[in-house]
Amino acid sequence: MAKIVPFKAVRPTRDKVCLVTCRSYEEYVNAELAAQLDFNPLSFLHILKPAYTNPETVSFEKRYRQVHQKYEDFKNELILIKDNKPAIYIHKIVTKTHSFTGIIVGTSVVDYCNNIIKKHEDIIAFRVRLLKEYMKYSEFNTEPVLMTYPDNKTIENWIFNCTQKLADFEFSTTKKEIHYLWKIEDALEINWLQNIFEKTDNLYIADGHHRTEALKLLSEENDDQENTAKNHILSYLISENNVKIYEFNRLVKDLNGFSKEDFITELEKNFIIENKFQQPFQPSQKHQFGMYLDNTFYSLILRKENEVFLTALDSLDTQILYKKVLLPILAIEDLRNDERIEYLSGKQSVLEVKNKIDQGEFEIGFILFPSNIGEIKALADANLIMPPKSTYIEPKFRSGLVVYEL
């Protein structure tokens with residue numbers, strides 16, 4: 001029941017691809033961004049931030065129109081070229097620790113509205129509106145929404161066979177990743193794959209909830225019935241066993257007036273606590289948490305009598321920590337906006353939690369066990385929403401590799 005469509009992608013030429021593509025704009029620190037813009041005239045960052053050499057304050061609409069104009073300049077200079085035929089694209093990303101392979105296609109806004117494409121994260125309305133306006137005036141999308149589909153041996157075998165051929169693109173990045181891209185434009189193959197996905201009940205958004213919602217709004221505003229591009233979502237479909245899910249650890253600036261001893265006494269009402277002393281501790285199972293406080297690591301295990309869960313949300317470790325510790329003891333109600341709490345991706349060592357607390361900016365840290373795809377699907381199926389910063393999911397994509405025109 002899931003609909004996928006091919007499209008005519010705009011892509012860098014083969015000889016320029018490694019110079020054009022870039023990480024997501026937000027990932028660059030200022031010095032790195034300036035260096036890229038100064039020394040690499042082919043970087044897609046020049047499109048994403050065209051006002052770099054003209055830093056005057058401009059309206060969002062004017063800024064986004066500048067993005068579109070710079071994009072057109074890249075096309076006119078033949079840095080970016082549009083494919084002649086609609087195609088689907090297989091994209092393989094090899095990092096230092098993992099390998100990800102998925103399919104870049106258009107998915108249906110209607111499927112999203114009908115809950116065939118399912119979500120598990122809450123969205124911020126202001127951010128959605130900005131993204132919608134950005135895509136409306138820039139007239140393109142280059143960041144695919146990451147979606148998972150159930151493991152399928154037939155699709156896996158087809159991808160394997162396709163990727164035995166010479167890739168259209170093969171390049172390395174300064175982050176020591178290797179990227180491969182294969183274009184599949186044979187109509188029979190595309191139709192065969194569409195039929196496979198029509199038998200798939202659901203797709204699940206892993207990353208890209210705001211972008212998906214923004215594209216829904218853009219589709220609803222579309223007056224041009226002949227422009228079907230706005231009815232589809234640039235998507236990267238990946239087998240659910242091929243995503244990598246990390247936790248987000250929590251750092252809190254104070255104990256809400258509790259002494260260390262009284263705070264631990266409060267914790268003992270819901271957790272079995274074991275002192276790990278100076279030994280860095282990482283949870284090894286669900287309902288187990290690490291804690292770093294006053295130069296000491298602790299193990300916290302939820303007491304059996306508290307393992308009564310009415311919903312998939314109740315059993316989620318991030319929700320347990322919120323309901324048992326952050327809200328009632330530390331008085332942190334708004335996980336998204338409270339300035340007393342910050343988050344650290346589980347990609348970073350647990351020692352980074354220790355270092356940040358030892359430096360004095362935070363007083364306590366909580367280390368979580370990562371969620372799994374089954375939990376994400378259970379929440380989505382029940383129309384439940386994860387707490388903010390529950391998961392950090394890979395793969396992450398490079399802008400400018402495949403552009404979907406709106």
# chains A, B, ... in the order shown; residues from 1 in each chain; ligands from 1
$ closest_atom_pairs --of "region 70-134 of chain A" --to "region 219-233 of chain A" --cutoff "9 Å" --atoms "only C-alpha atoms" --output "Markdown table"
| residue | atom | partner | partner_atom | distance |
| --- | --- | --- | --- | --- |
| A:Val105 | CA | A:Ile233 | CA | 8.1 |
| A:Gly106 | CA | A:Ile233 | CA | 5.2 |
| A:Thr107 | CA | A:Ile233 | CA | 5.0 |
| A:Ser108 | CA | A:His232 | CA | 4.7 |
| A:Val109 | CA | A:His232 | CA | 5.4 |
| A:Val110 | CA | A:Asn231 | CA | 7.5 |
$ select_by_dssp --residues "region 46-196 of chain A" --states "helix (DSSP H, G or I)" --output "PyMOL selection string"
chain A and resi 46-48+50-53+60-76+109-113+125-138+153-162+187-196
$ residues_around --residues "region 282-284 of chain A" --least-positions-apart "4" --cutoff "10 Å" --atoms "only C-alpha atoms" --output "PyMOL selection string"
chain A and resi 288-291+297-301+349-350+366-370
$ write_last_selection --atoms "C-alpha atoms" --output "mmCIF file, in the first residue's frame"
data_model
loop_
_atom_site.group_PDB
_atom_site.id
_atom_site.type_symbol
_atom_site.label_atom_id
_atom_site.label_comp_id
_atom_site.auth_asym_id
_atom_site.auth_seq_id
_atom_site.Cartn_x
_atom_site.Cartn_y
_atom_site.Cartn_z
ATOM 1 C CA GLN A 288 18.999 0.252 33.438
ATOM 2 C CA PHE A 289 20.573 3.706 33.633
ATOM 3 C CA GLY A 290 24.009 5.095 34.251
ATOM 4 C CA MET A 291 24.494 8.144 36.447
ATOM 5 C CA PHE A 297 29.494 6.563 38.465
ATOM 6 C CA TYR A 298 26.357 4.681 39.517
ATOM 7 C CA SER A 299 24.153 1.959 38.057
ATOM 8 C CA LEU A 300 20.393 2.499 38.423
ATOM 9 C CA ILE A 301 18.034 -0.417 37.771
ATOM 10 C CA SER A 349 31.997 8.399 24.723
ATOM 11 C CA VAL A 350 30.480 8.169 28.190
ATOM 12 C CA PHE A 366 22.277 10.267 33.074
ATOM 13 C CA ILE A 367 23.430 7.642 30.576
ATOM 14 C CA LEU A 368 20.754 5.665 28.746
ATOM 15 C CA PHE A 369 20.461 2.412 26.857
ATOM 16 C CA PRO A 370 19.527 3.073 23.202
#
$ select_by_dssp --residues "region 253-287 of chain A" --states "strand (DSSP E)" --output "NGL selection string"
:A and (271-277)
$ closest_atom_pairs --of "region 331-405 of chain A" --to "region 254-271 of chain A" --cutoff "10 Å" --atoms "only C-alpha atoms" --output "Markdown table"
| residue | atom | partner | partner_atom | distance |
| --- | --- | --- | --- | --- |
| A:Ala331 | CA | A:Asn256 | CA | 6.9 |
| A:Ile332 | CA | A:Asn256 | CA | 9.1 |
| A:Arg340 | CA | A:Asp254 | CA | 7.4 |
| A:Ile341 | CA | A:Asp254 | CA | 9.1 |
| A:Glu361 | CA | A:Asp254 | CA | 9.2 |
| A:Phe362 | CA | A:Asp254 | CA | 6.7 |
| A:Glu363 | CA | A:Asp254 | CA | 5.2 |
| A:Ile364 | CA | A:Asp254 | CA | 7.0 |
$ write_last_selection --atoms "C-alpha atoms" --output "CSV table (one decimal), in the first residue's frame"
chain,number,residue,atom,x,y,z
A,331,ALA,CA,11.4,19.6,38.5
A,332,ILE,CA,12.2,19.6,34.8
A,340,ARG,CA,18.8,23.4,33.0
A,341,ILE,CA,19.0,20.3,30.8
A,361,GLU,CA,28.8,23.5,33.9
A,362,PHE,CA,26.6,20.5,34.9
A,363,GLU,CA,26.1,18.7,38.2
A,364,ILE,CA,24.7,15.4,37.1
$ residues_around --residues "region 315-318 of chain A" --least-positions-apart "4" --cutoff "12 Å" --atoms "only C-alpha atoms" --output "number ranges by chain"
A: 247-250, 283, 285-290, 300-302, 306-311, 322-327, 335, 343, 366-372, 374-376, 378-379, 384-391
$ atom_distance --atom1 "CA of Phe7 (chain A)" --atom2 "CA of Ile190 (chain A)"
10.8 Å
$ closest_residue --among "A:Glu342, A:Glu177, A:Asp122, A:Glu240" --to "Ile393 (chain A)" --atoms "only C-alpha atoms"
A:Glu240
$ closest_residue --among "A:Ser138, A:Thr174, A:Gln278, A:Thr163" --to "His91 (chain A)" --atoms "only C-alpha atoms"
A:Thr163
$ closest_residue --among "A:Glu143, A:Glu72, A:Glu405, A:Glu170" --to "Gly208 (chain A)" --atoms "only C-alpha atoms"
A:Glu143
$ residues_around --residues "Leu37 (chain A)" --least-positions-apart "3" --cutoff "12 Å" --atoms "only C-alpha atoms" --output "PyMOL selection string"
chain A and resi 19-20+22+25+28+30-34+40-53
$ residues_around --residues "Leu406 (chain A)" --least-positions-apart "2" --cutoff "8 Å" --atoms "only C-alpha atoms" --output "PyMOL selection string"
chain A and resi 135-136+139-141+229-230+404
$ write_last_selection --atoms "N, CA, C and O atoms" --output "PDB file, in the first residue's frame"
ATOM      1  N   MET A 135      11.236  25.706   1.330  1.00  0.00           N
ATOM      2  CA  MET A 135      11.094  24.871   0.141  1.00  0.00           C
ATOM      3  C   MET A 135      10.177  25.523  -0.901  1.00  0.00           C
ATOM      4  O   MET A 135      10.346  25.328  -2.100  1.00  0.00           O
ATOM      5  N   LYS A 136       9.228  26.314  -0.440  1.00  0.00           N
ATOM      6  CA  LYS A 136       8.338  27.012  -1.367  1.00  0.00           C
ATOM      7  C   LYS A 136       9.114  27.972  -2.266  1.00  0.00           C
ATOM      8  O   LYS A 136       8.903  28.019  -3.480  1.00  0.00           O
ATOM      9  N   GLU A 139      12.382  26.137  -4.062  1.00  0.00           N
ATOM     10  CA  GLU A 139      11.847  25.245  -5.095  1.00  0.00           C
ATOM     11  C   GLU A 139      12.653  23.955  -5.258  1.00  0.00           C
ATOM     12  O   GLU A 139      12.678  23.368  -6.337  1.00  0.00           O
ATOM     13  N   PHE A 140      13.305  23.524  -4.198  1.00  0.00           N
ATOM     14  CA  PHE A 140      13.961  22.217  -4.256  1.00  0.00           C
ATOM     15  C   PHE A 140      14.079  21.646  -2.846  1.00  0.00           C
ATOM     16  O   PHE A 140      13.893  22.334  -1.845  1.00  0.00           O
ATOM     17  N   ASN A 141      14.389  20.361  -2.799  1.00  0.00           N
ATOM     18  CA  ASN A 141      14.646  19.661  -1.541  1.00  0.00           C
ATOM     19  C   ASN A 141      15.845  18.750  -1.762  1.00  0.00           C
ATOM     20  O   ASN A 141      15.898  18.021  -2.754  1.00  0.00           O
ATOM     21  N   ALA A 229       5.005  17.192  -8.301  1.00  0.00           N
ATOM     22  CA  ALA A 229       6.230  17.058  -7.497  1.00  0.00           C
ATOM     23  C   ALA A 229       5.961  17.396  -6.039  1.00  0.00           C
ATOM     24  O   ALA A 229       6.524  16.779  -5.133  1.00  0.00           O
ATOM     25  N   LYS A 230       5.071  18.385  -5.801  1.00  0.00           N
ATOM     26  CA  LYS A 230       4.777  18.799  -4.431  1.00  0.00           C
ATOM     27  C   LYS A 230       3.893  17.805  -3.693  1.00  0.00           C
ATOM     28  O   LYS A 230       3.597  17.996  -2.515  1.00  0.00           O
ATOM     29  N   TYR A 404      15.864  17.111  -5.381  1.00  0.00           N
ATOM     30  CA  TYR A 404      14.486  16.887  -5.859  1.00  0.00           C
ATOM     31  C   TYR A 404      13.842  18.244  -6.077  1.00  0.00           C
ATOM     32  O   TYR A 404      13.680  19.033  -5.153  1.00  0.00           O
TER      33      TYR A 404
END
$ closest_residue --among "A:Trp192, A:Tyr64, A:Phe171, A:Tyr392" --to "Tyr137 (chain A)" --atoms "only C-alpha atoms"
A:Tyr64
$ decode --residues "region 320-386 of chain A" --atoms "C-alpha atoms" --output "PDB file, in the first residue's frame"
ATOM      1  CA  ILE A 320      10.822   6.316  32.698  1.00  0.00           C
ATOM      2  CA  LEU A 321      13.685   8.708  33.449  1.00  0.00           C
ATOM      3  CA  TYR A 322      11.378  11.661  32.869  1.00  0.00           C
ATOM      4  CA  LYS A 323       8.500  10.333  34.996  1.00  0.00           C
ATOM      5  CA  LYS A 324      10.619   8.931  37.837  1.00  0.00           C
ATOM      6  CA  VAL A 325      13.501  11.427  38.050  1.00  0.00           C
ATOM      7  CA  LEU A 326      13.562  14.503  35.850  1.00  0.00           C
ATOM      8  CA  LEU A 327      10.010  15.685  36.533  1.00  0.00           C
ATOM      9  CA  PRO A 328       9.255  14.697  40.140  1.00  0.00           C
ATOM     10  CA  ILE A 329      12.717  15.154  41.667  1.00  0.00           C
ATOM     11  CA  LEU A 330      14.562  17.640  39.471  1.00  0.00           C
ATOM     12  CA  ALA A 331      11.430  19.618  38.478  1.00  0.00           C
ATOM     13  CA  ILE A 332      12.249  19.565  34.766  1.00  0.00           C
ATOM     14  CA  GLU A 333       8.872  19.677  33.053  1.00  0.00           C
ATOM     15  CA  ASP A 334       9.689  20.909  29.539  1.00  0.00           C
ATOM     16  CA  LEU A 335      12.358  18.640  28.089  1.00  0.00           C
ATOM     17  CA  ARG A 336      12.647  20.722  24.944  1.00  0.00           C
ATOM     18  CA  ASN A 337      12.978  24.219  26.401  1.00  0.00           C
ATOM     19  CA  ASP A 338      14.210  23.984  30.016  1.00  0.00           C
ATOM     20  CA  GLU A 339      17.663  25.597  30.104  1.00  0.00           C
ATOM     21  CA  ARG A 340      18.769  23.353  32.985  1.00  0.00           C
ATOM     22  CA  ILE A 341      18.983  20.266  30.774  1.00  0.00           C
ATOM     23  CA  GLU A 342      21.124  19.494  27.725  1.00  0.00           C
ATOM     24  CA  TYR A 343      21.644  16.407  25.596  1.00  0.00           C
ATOM     25  CA  LEU A 344      24.675  14.511  24.386  1.00  0.00           C
ATOM     26  CA  SER A 345      24.508  11.981  21.564  1.00  0.00           C
ATOM     27  CA  GLY A 346      25.454   8.431  22.437  1.00  0.00           C
ATOM     28  CA  LYS A 347      27.910   8.543  19.536  1.00  0.00           C
ATOM     29  CA  GLN A 348      30.198  10.300  21.978  1.00  0.00           C
ATOM     30  CA  SER A 349      31.997   8.399  24.723  1.00  0.00           C
ATOM     31  CA  VAL A 350      30.480   8.169  28.190  1.00  0.00           C
ATOM     32  CA  LEU A 351      33.682   9.914  29.293  1.00  0.00           C
ATOM     33  CA  GLU A 352      32.382  13.053  27.570  1.00  0.00           C
ATOM     34  CA  VAL A 353      29.521  13.067  30.102  1.00  0.00           C
ATOM     35  CA  LYS A 354      32.106  12.863  32.876  1.00  0.00           C
ATOM     36  CA  ASN A 355      34.255  15.612  31.363  1.00  0.00           C
ATOM     37  CA  LYS A 356      31.377  18.081  30.996  1.00  0.00           C
ATOM     38  CA  ILE A 357      30.322  17.562  34.615  1.00  0.00           C
ATOM     39  CA  ASP A 358      33.877  17.703  35.945  1.00  0.00           C
ATOM     40  CA  GLN A 359      34.295  21.055  34.198  1.00  0.00           C
ATOM     41  CA  GLY A 360      31.534  22.425  36.413  1.00  0.00           C
ATOM     42  CA  GLU A 361      28.840  23.458  33.936  1.00  0.00           C
ATOM     43  CA  PHE A 362      26.606  20.519  34.927  1.00  0.00           C
ATOM     44  CA  GLU A 363      26.109  18.715  38.223  1.00  0.00           C
ATOM     45  CA  ILE A 364      24.707  15.359  37.147  1.00  0.00           C
ATOM     46  CA  GLY A 365      24.519  13.183  34.044  1.00  0.00           C
ATOM     47  CA  PHE A 366      22.277  10.267  33.074  1.00  0.00           C
ATOM     48  CA  ILE A 367      23.430   7.642  30.576  1.00  0.00           C
ATOM     49  CA  LEU A 368      20.754   5.665  28.746  1.00  0.00           C
ATOM     50  CA  PHE A 369      20.461   2.412  26.857  1.00  0.00           C
ATOM     51  CA  PRO A 370      19.527   3.073  23.202  1.00  0.00           C
ATOM     52  CA  SER A 371      16.003   2.447  21.939  1.00  0.00           C
ATOM     53  CA  ASN A 372      15.424  -0.066  19.166  1.00  0.00           C
ATOM     54  CA  ILE A 373      13.380  -0.028  15.982  1.00  0.00           C
ATOM     55  CA  GLY A 374      10.702  -2.216  17.585  1.00  0.00           C
ATOM     56  CA  GLU A 375      10.020   0.459  20.201  1.00  0.00           C
ATOM     57  CA  ILE A 376       9.828   3.160  17.540  1.00  0.00           C
ATOM     58  CA  LYS A 377       7.342   1.113  15.491  1.00  0.00           C
ATOM     59  CA  ALA A 378       5.228   0.272  18.540  1.00  0.00           C
ATOM     60  CA  LEU A 379       4.920   3.965  19.390  1.00  0.00           C
ATOM     61  CA  ALA A 380       4.080   4.897  15.804  1.00  0.00           C
ATOM     62  CA  ASP A 381       1.482   2.118  15.514  1.00  0.00           C
ATOM     63  CA  ALA A 382      -0.184   3.355  18.709  1.00  0.00           C
ATOM     64  CA  ASN A 383      -0.048   7.020  17.559  1.00  0.00           C
ATOM     65  CA  LEU A 384       2.183   7.859  20.518  1.00  0.00           C
ATOM     66  CA  ILE A 385       5.004  10.389  20.601  1.00  0.00           C
ATOM     67  CA  MET A 386       8.520   9.863  21.960  1.00  0.00           C
TER      68      MET A 386
END
